[in-house]
file protein.cif (mmCIF, C-alpha atoms, pLDDT in the B column; chains and numbers go by the auth columns)
data_model
loop_
_atom_site.group_PDB
_atom_site.id
_atom_site.type_symbol
_atom_site.label_atom_id
_atom_site.label_comp_id
_atom_site.label_asym_id
_atom_site.label_seq_id
_atom_site.Cartn_x
_atom_site.Cartn_y
_atom_site.Cartn_z
_atom_site.B_iso_or_equiv
_atom_site.auth_seq_id
_atom_site.auth_asym_id
ATOM 1 C CA MET A 1 55.811 -44.351 7.772 70.00 1 W
ATOM 2 C CA LYS A 2 53.716 -44.930 4.644 76.00 2 W
ATOM 3 C CA LYS A 3 51.919 -47.720 6.401 76.00 3 W
ATOM 4 C CA TYR A 4 50.831 -45.451 9.301 76.00 4 W
ATOM 5 C CA THR A 5 49.700 -42.729 6.892 80.00 5 W
ATOM 6 C CA ILE A 6 47.524 -45.168 4.933 79.00 6 W
ATOM 7 C CA ILE A 7 46.046 -46.583 8.167 79.00 7 W
ATOM 8 C CA LEU A 8 45.331 -43.045 9.460 71.00 8 W
ATOM 9 C CA ILE A 9 43.603 -42.049 6.201 78.00 9 W
ATOM 10 C CA ALA A 10 41.553 -45.250 6.204 73.00 10 W
ATOM 11 C CA ALA A 11 40.490 -44.652 9.829 71.00 11 W
ATOM 12 C CA LEU A 12 39.443 -41.056 9.047 69.00 12 W
ATOM 13 C CA VAL A 13 37.422 -42.161 6.002 68.00 13 W
ATOM 14 C CA ALA A 14 35.713 -44.881 8.048 66.00 14 W
ATOM 15 C CA CYS A 15 34.846 -42.385 10.789 64.00 15 W
ATOM 16 C CA ALA A 16 33.527 -39.889 8.247 62.00 16 W
ATOM 17 C CA PHE A 17 31.202 -42.440 6.633 60.00 17 W
ATOM 18 C CA SER A 18 29.981 -43.791 9.957 60.00 18 W
ATOM 19 C CA ALA A 19 29.082 -40.227 11.084 56.00 19 W
ATOM 20 C CA CYS A 20 26.825 -39.772 8.048 54.00 20 W
ATOM 21 C CA ASP A 21 23.747 -41.688 9.051 54.00 21 W
ATOM 22 C CA GLU A 22 20.740 -41.224 6.771 56.00 22 W
ATOM 23 C CA GLU A 23 18.323 -41.376 9.673 57.00 23 W
ATOM 24 C CA THR A 24 19.765 -38.241 11.271 55.00 24 W
ATOM 25 C CA THR A 25 18.884 -35.889 8.398 55.00 25 W
ATOM 26 C CA LEU A 26 16.476 -33.127 9.252 51.00 26 W
ATOM 27 C CA PRO A 27 12.942 -33.490 7.932 54.00 27 W
ATOM 28 C CA TYR A 28 11.671 -30.993 5.349 52.00 28 W
ATOM 29 C CA ILE A 29 9.189 -28.657 6.983 53.00 29 W
ATOM 30 C CA PRO A 30 7.415 -26.432 4.476 54.00 30 W
ATOM 31 C CA VAL A 31 7.027 -22.800 5.533 51.00 31 W
ATOM 32 C CA GLU A 32 4.002 -20.840 4.436 51.00 32 W
ATOM 33 C CA LYS A 33 4.853 -17.358 3.278 53.00 33 W
ATOM 34 C CA PRO A 34 2.485 -14.696 4.598 50.00 34 W
ATOM 35 C CA ASP A 35 0.111 -13.078 2.134 50.00 35 W
ATOM 36 C CA PRO A 36 1.619 -9.670 1.208 53.00 36 W
ATOM 37 C CA THR A 37 -1.787 -8.057 0.781 54.00 37 W
ATOM 38 C CA PRO A 38 -3.487 -6.970 4.005 51.00 38 W
ATOM 39 C CA PRO A 39 -7.131 -7.791 4.725 52.00 39 W
ATOM 40 C CA SER A 40 -9.636 -5.629 2.881 56.00 40 W
ATOM 41 C CA GLY A 41 -9.887 -2.129 4.277 57.00 41 W
ATOM 42 C CA GLU A 42 -6.664 -2.388 6.268 57.00 42 W
ATOM 43 C CA ASN A 43 -3.163 -1.372 5.270 61.00 43 W
ATOM 44 C CA PRO A 44 -0.666 -1.121 8.126 65.00 44 W
ATOM 45 C CA ASP A 45 1.764 0.857 5.969 79.00 45 W
ATOM 46 C CA THR A 46 -0.766 3.617 5.204 86.00 46 W
ATOM 47 C CA TYR A 47 -0.799 6.710 7.367 89.00 47 W
ATOM 48 C CA THR A 48 -2.149 10.247 7.271 93.00 48 W
ATOM 49 C CA VAL A 49 -0.375 13.358 8.522 92.00 49 W
ATOM 50 C CA THR A 50 -2.046 16.760 8.703 94.00 50 W
ATOM 51 C CA TYR A 51 0.160 19.828 8.734 94.00 51 W
ATOM 52 C CA ARG A 52 -0.671 23.340 9.922 94.00 52 W
ATOM 53 C CA LEU A 53 1.165 26.550 9.261 93.00 53 W
ATOM 54 C CA ASP A 54 3.851 27.189 11.845 93.00 54 W
ATOM 55 C CA LYS A 55 5.400 30.281 10.271 94.00 55 W
ATOM 56 C CA VAL A 56 4.668 32.681 7.447 95.00 56 W
ATOM 57 C CA LEU A 57 7.746 34.635 6.424 95.00 57 W
ATOM 58 C CA LEU A 58 7.834 37.788 4.311 94.00 58 W
ATOM 59 C CA CYS A 59 11.228 37.823 2.576 94.00 59 W
ATOM 60 C CA PRO A 60 12.247 41.114 0.926 93.00 60 W
ATOM 61 C CA PRO A 61 15.579 41.227 -0.963 91.00 61 W
ATOM 62 C CA GLU A 62 17.355 43.006 1.919 93.00 62 W
ATOM 63 C CA ASN A 63 16.236 40.353 4.452 92.00 63 W
ATOM 64 C CA PRO A 64 16.324 36.917 2.751 88.00 64 W
ATOM 65 C CA LYS A 65 15.701 35.075 6.066 91.00 65 W
ATOM 66 C CA GLY A 66 12.350 36.829 6.297 92.00 66 W
ATOM 67 C CA THR A 67 10.125 38.542 8.826 93.00 67 W
ATOM 68 C CA GLU A 68 7.484 36.532 10.687 95.00 68 W
ATOM 69 C CA ILE A 69 3.934 37.687 9.793 94.00 69 W
ATOM 70 C CA PHE A 70 1.894 34.672 10.953 92.00 70 W
ATOM 71 C CA GLY A 71 0.487 36.388 14.052 90.00 71 W
ATOM 72 C CA LYS A 72 -0.290 39.645 12.260 91.00 72 W
ATOM 73 C CA LEU A 73 -3.024 38.147 10.043 89.00 73 W
ATOM 74 C CA ASP A 74 -5.581 35.868 11.680 88.00 74 W
ATOM 75 C CA TYR A 75 -6.640 33.917 8.582 90.00 75 W
ATOM 76 C CA PHE A 76 -3.381 31.909 8.351 91.00 76 W
ATOM 77 C CA SER A 77 -4.392 29.624 11.224 91.00 77 W
ATOM 78 C CA SER A 78 -7.066 27.912 9.085 92.00 78 W
ATOM 79 C CA LEU A 79 -4.676 26.651 6.363 93.00 79 W
ATOM 80 C CA ARG A 80 -4.013 22.869 6.338 94.00 80 W
ATOM 81 C CA MET A 81 -2.087 20.385 4.217 94.00 81 W
ATOM 82 C CA THR A 82 -2.857 16.668 4.596 94.00 82 W
ATOM 83 C CA LEU A 83 -0.644 13.891 3.257 94.00 83 W
ATOM 84 C CA ASP A 84 -1.958 10.342 2.823 93.00 84 W
ATOM 85 C CA VAL A 85 1.019 8.026 2.377 91.00 85 W
ATOM 86 C CA SER A 86 0.766 4.399 1.297 89.00 86 W
ATOM 87 C CA PRO A 87 3.232 2.018 -0.350 87.00 87 W
ATOM 88 C CA LEU A 88 1.536 2.601 -3.702 87.00 88 W
ATOM 89 C CA LYS A 89 1.023 6.371 -3.754 90.00 89 W
ATOM 90 C CA ILE A 90 1.114 9.687 -1.934 92.00 90 W
ATOM 91 C CA THR A 91 -1.839 12.049 -2.060 94.00 91 W
ATOM 92 C CA VAL A 92 -2.018 15.591 -0.780 94.00 92 W
ATOM 93 C CA THR A 93 -5.083 17.611 0.123 94.00 93 W
ATOM 94 C CA PHE A 94 -4.476 21.332 0.416 91.00 94 W
ATOM 95 C CA ASP A 95 -7.142 23.279 2.328 92.00 95 W
ATOM 96 C CA ASN A 96 -6.513 27.002 1.931 90.00 96 W
ATOM 97 C CA GLY A 97 -9.032 27.769 4.692 89.00 97 W
ATOM 98 C CA ASN A 98 -9.811 31.486 4.959 91.00 98 W
ATOM 99 C CA VAL A 99 -6.599 32.625 3.238 91.00 99 W
ATOM 100 C CA PRO A 100 -7.646 34.945 0.357 91.00 100 W
ATOM 101 C CA PHE A 101 -4.808 33.859 -1.964 91.00 101 W
ATOM 102 C CA SER A 102 -3.165 30.633 -3.083 89.00 102 W
ATOM 103 C CA PRO A 103 0.567 29.963 -2.883 91.00 103 W
ATOM 104 C CA PHE A 104 0.475 28.096 -6.204 88.00 104 W
ATOM 105 C CA ALA A 105 0.762 29.618 -9.662 83.00 105 W
ATOM 106 C CA GLU A 106 -1.890 27.183 -10.924 83.00 106 W
ATOM 107 C CA PRO A 107 -4.895 26.307 -8.777 84.00 107 W
ATOM 108 C CA LEU A 108 -4.775 22.798 -7.346 85.00 108 W
ATOM 109 C CA PRO A 109 -7.750 20.504 -7.990 84.00 109 W
ATOM 110 C CA GLU A 110 -10.224 20.082 -5.133 86.00 110 W
ATOM 111 C CA GLY A 111 -9.741 17.075 -2.885 91.00 111 W
ATOM 112 C CA PRO A 112 -6.847 14.607 -2.788 94.00 112 W
ATOM 113 C CA VAL A 113 -4.261 14.987 -5.550 94.00 113 W
ATOM 114 C CA GLU A 114 -1.695 12.304 -6.329 95.00 114 W
ATOM 115 C CA CYS A 115 1.882 13.492 -5.927 94.00 115 W
ATOM 116 C CA GLU A 116 5.425 12.193 -5.553 92.00 116 W
ATOM 117 C CA LEU A 117 8.321 13.004 -3.242 88.00 117 W
ATOM 118 C CA ASP A 118 11.393 13.542 -5.407 85.00 118 W
ATOM 119 C CA THR A 119 14.399 12.586 -3.292 82.00 119 W
ATOM 120 C CA ASN A 120 16.885 12.777 -6.176 81.00 120 W
ATOM 121 C CA VAL A 121 17.256 16.554 -5.932 75.00 121 W
ATOM 122 C CA TYR A 122 20.794 17.498 -4.985 76.00 122 W
ATOM 123 C CA PRO A 123 21.895 19.622 -3.092 69.00 123 W
ATOM 124 C CA ALA A 124 18.456 21.186 -2.685 68.00 124 W
ATOM 125 C CA PRO A 125 15.887 19.664 -0.282 82.00 125 W
ATOM 126 C CA ASN A 126 13.465 16.961 -1.374 89.00 126 W
ATOM 127 C CA VAL A 127 10.598 18.183 -3.525 91.00 127 W
ATOM 128 C CA LEU A 128 6.919 17.228 -3.208 92.00 128 W
ATOM 129 C CA ARG A 129 5.358 17.720 -6.639 91.00 129 W
ATOM 130 C CA LEU A 130 2.204 16.769 -8.477 91.00 130 W
ATOM 131 C CA LYS A 131 2.667 13.390 -10.133 92.00 131 W
ATOM 132 C CA ASP A 132 4.019 13.552 -13.698 89.00 132 W
ATOM 133 C CA THR A 133 4.289 17.377 -13.638 88.00 133 W
ATOM 134 C CA ASP A 134 6.770 20.051 -12.633 87.00 134 W
ATOM 135 C CA THR A 135 4.299 21.727 -10.235 88.00 135 W
ATOM 136 C CA VAL A 136 6.026 21.906 -6.847 89.00 136 W
ATOM 137 C CA ILE A 137 3.712 21.789 -3.843 91.00 137 W
ATOM 138 C CA ALA A 138 6.401 21.974 -1.148 93.00 138 W
ATOM 139 C CA THR A 139 10.006 21.215 -0.341 92.00 139 W
ATOM 140 C CA PHE A 140 11.058 18.985 2.534 90.00 140 W
ATOM 141 C CA ASP A 141 14.210 19.422 4.624 85.00 141 W
ATOM 142 C CA GLN A 142 15.212 18.955 8.273 83.00 142 W
ATOM 143 C CA ASP A 143 12.752 21.687 9.319 81.00 143 W
ATOM 144 C CA GLY A 144 9.781 19.993 7.614 87.00 144 W
ATOM 145 C CA PHE A 145 7.688 21.065 4.634 93.00 145 W
ATOM 146 C CA SER A 146 7.861 24.613 3.290 94.00 146 W
ATOM 147 C CA THR A 147 6.451 26.463 0.275 93.00 147 W
ATOM 148 C CA GLU A 148 7.840 29.633 -1.275 93.00 148 W
ATOM 149 C CA PHE A 149 5.733 31.839 -3.524 93.00 149 W
ATOM 150 C CA GLN A 150 5.251 35.373 -4.797 92.00 150 W
ATOM 151 C CA LEU A 151 2.077 37.403 -5.070 90.00 151 W
ATOM 152 C CA ASP A 152 1.818 40.731 -6.924 87.00 152 W
ATOM 153 C CA SER A 153 5.322 42.037 -6.177 88.00 153 W
ATOM 154 C CA LYS A 154 8.211 40.267 -7.858 88.00 154 W
ATOM 155 C CA LEU A 155 10.541 41.599 -5.129 90.00 155 W
ATOM 156 C CA LEU A 156 8.702 40.061 -2.178 93.00 156 W
ATOM 157 C CA THR A 157 8.790 36.345 -1.541 94.00 157 W
ATOM 158 C CA TYR A 158 6.552 34.619 1.001 94.00 158 W
ATOM 159 C CA LYS A 159 7.379 31.346 2.684 94.00 159 W
ATOM 160 C CA TYR A 160 5.008 28.959 4.455 95.00 160 W
ATOM 161 C CA ILE A 161 6.623 26.598 6.964 94.00 161 W
ATOM 162 C CA PHE A 162 4.426 23.652 7.982 95.00 162 W
ATOM 163 C CA LYS A 163 4.488 21.562 11.167 93.00 163 W
ATOM 164 C CA PRO A 164 2.463 18.423 11.916 91.00 164 W
ATOM 165 C CA LEU A 165 -0.620 18.863 14.097 87.00 165 W
#
call {"tool": "encode", "arguments": {"input": "protein.cif", "output": "structure tokens"}}
result
Amino acid sequence: MKKYTIILIAALVACAFSACDEETTLPYIPVEKPDPTPPSGENPDTYTVTYRLDKVLLCPPENPKGTEIFGKLDYFSSLRMTLDVSPLKITVTFDNGNVPFSPFAEPLPEGPVECELDTNVYPAPNVLRLKDTDTVIATFDQDGFSTEFQLDSKLLTYKYIFKPL
């Protein structure tokens, strides 16, 4: 019995070595990694989205869901918010159009302003704020971007709800 076991092991070892032929190894084919930077002037990950006002809600304390006032004042249709998103930064351009007031406590600078989308807010929706500040431009949830603000009356809250063009 020992004799057959030794013969079987020897036969398996001989077969294993004969199967390993050095000439059958695969050749090394170097692979060139693509350049991560796109050609000058092109960035496939950069996109621009322009938003218009879809709703303007007037929210008194007795009606927190608000009353639609977008159609009652014609100057709301000119308001736009444009986001330029790239892998390196997000910029927002807020064009107040013909609206005679601003929804922000502090005036925003003219032109594109660098901002960040804070997704670590829980349970509230994501917050779009000016970079390195606490100035909130808008919140983002399943309905899109929205901005809440107050004007002269501390009891009345207004809410802009934006939709992409």
call {"tool": "residues_around", "arguments": {"input": "protein.cif", "residues": "Asn63 (chain W)", "least_positions_apart": "5", "cutoff": "12 Å", "atoms": "all atoms listed in the file", "output": "PyMOL selection string"}}
result
chain W and resi 57-58+68+155-158
call {"tool": "resolve_selection", "arguments": {"input": "protein.cif", "expression": "the PyMOL selection byres ((chain W and resi 101-113) around 6)", "output": "VMD selection string"}}
result
chain W and resid 91 to 93 99 to 100 114 149
call {"tool": "closest_residue", "arguments": {"input": "protein.cif", "among": "W:Asn126, W:Thr50, W:Thr133, W:Gln142", "to": "Phe94 (chain W)", "atoms": "all atoms listed in the file"}}
result
W:Thr50
call {"tool": "resolve_selection", "arguments": {"input": "protein.cif", "expression": "the PyMOL selection byres ((chain W and resi 69) around 10)", "output": "ChimeraX atom specification"}}
result
/W:55-58,66-68,70-74,76,158
call {"tool": "write_last_selection", "arguments": {"input": "protein.cif", "atoms": "C-alpha atoms", "output": "short mmCIF file (atom, residue, chain, number, x, y, z; two decimals), in the frame of the given file"}}
result
data_model
loop_
_atom_site.label_atom_id
_atom_site.label_comp_id
_atom_site.auth_asym_id
_atom_site.auth_seq_id
_atom_site.Cartn_x
_atom_site.Cartn_y
_atom_site.Cartn_z
CA LYS W 55 5.40 30.28 10.27
CA VAL W 56 4.67 32.68 7.45
CA LEU W 57 7.75 34.64 6.42
CA LEU W 58 7.83 37.79 4.31
CA GLY W 66 12.35 36.83 6.30
CA THR W 67 10.12 38.54 8.83
CA GLU W 68 7.48 36.53 10.69
CA PHE W 70 1.89 34.67 10.95
CA GLY W 71 0.49 36.39 14.05
CA LYS W 72 -0.29 39.65 12.26
CA LEU W 73 -3.02 38.15 10.04
CA ASP W 74 -5.58 35.87 11.68
CA PHE W 76 -3.38 31.91 8.35
CA TYR W 158 6.55 34.62 1.00
#
call {"tool": "atom_distance", "arguments": {"input": "protein.cif", "atom1": "CA of Ile161 (chain W)", "atom2": "CA of Pro87 (chain W)"}}
result
25.9 Å
call {"tool": "atom_distance", "arguments": {"input": "protein.cif", "atom1": "CA of Glu62 (chain W)", "atom2": "CA of Thr147 (chain W)"}}
result
19.9 Å
call {"tool": "atom_distance", "arguments": {"input": "protein.cif", "atom1": "CA of Arg80 (chain W)", "atom2": "CA of Asn120 (chain W)"}}
result
26.4 Å
call {"tool": "resolve_selection", "arguments": {"input": "protein.cif", "expression": "the PyMOL selection byres ((chain W and resi 115) around 10)", "output": "NGL selection string"}}
result
:W and (83 or 85 or 89-92 or 112-114 or 116-118 or 128-133 or 135-137)
call {"tool": "closest_residue", "arguments": {"input": "protein.cif", "among": "W:Ser77, W:Ser146, W:Lys65, W:Lys3", "to": "Arg52 (chain W)", "atoms": "only C-alpha atoms"}}
result
W:Ser77
call {"tool": "closest_residue", "arguments": {"input": "protein.cif", "among": "W:Tyr122, W:Tyr4, W:Tyr51, W:Tyr75", "to": "Gly144 (chain W)", "atoms": "only C-alpha atoms"}}
result
W:Tyr51
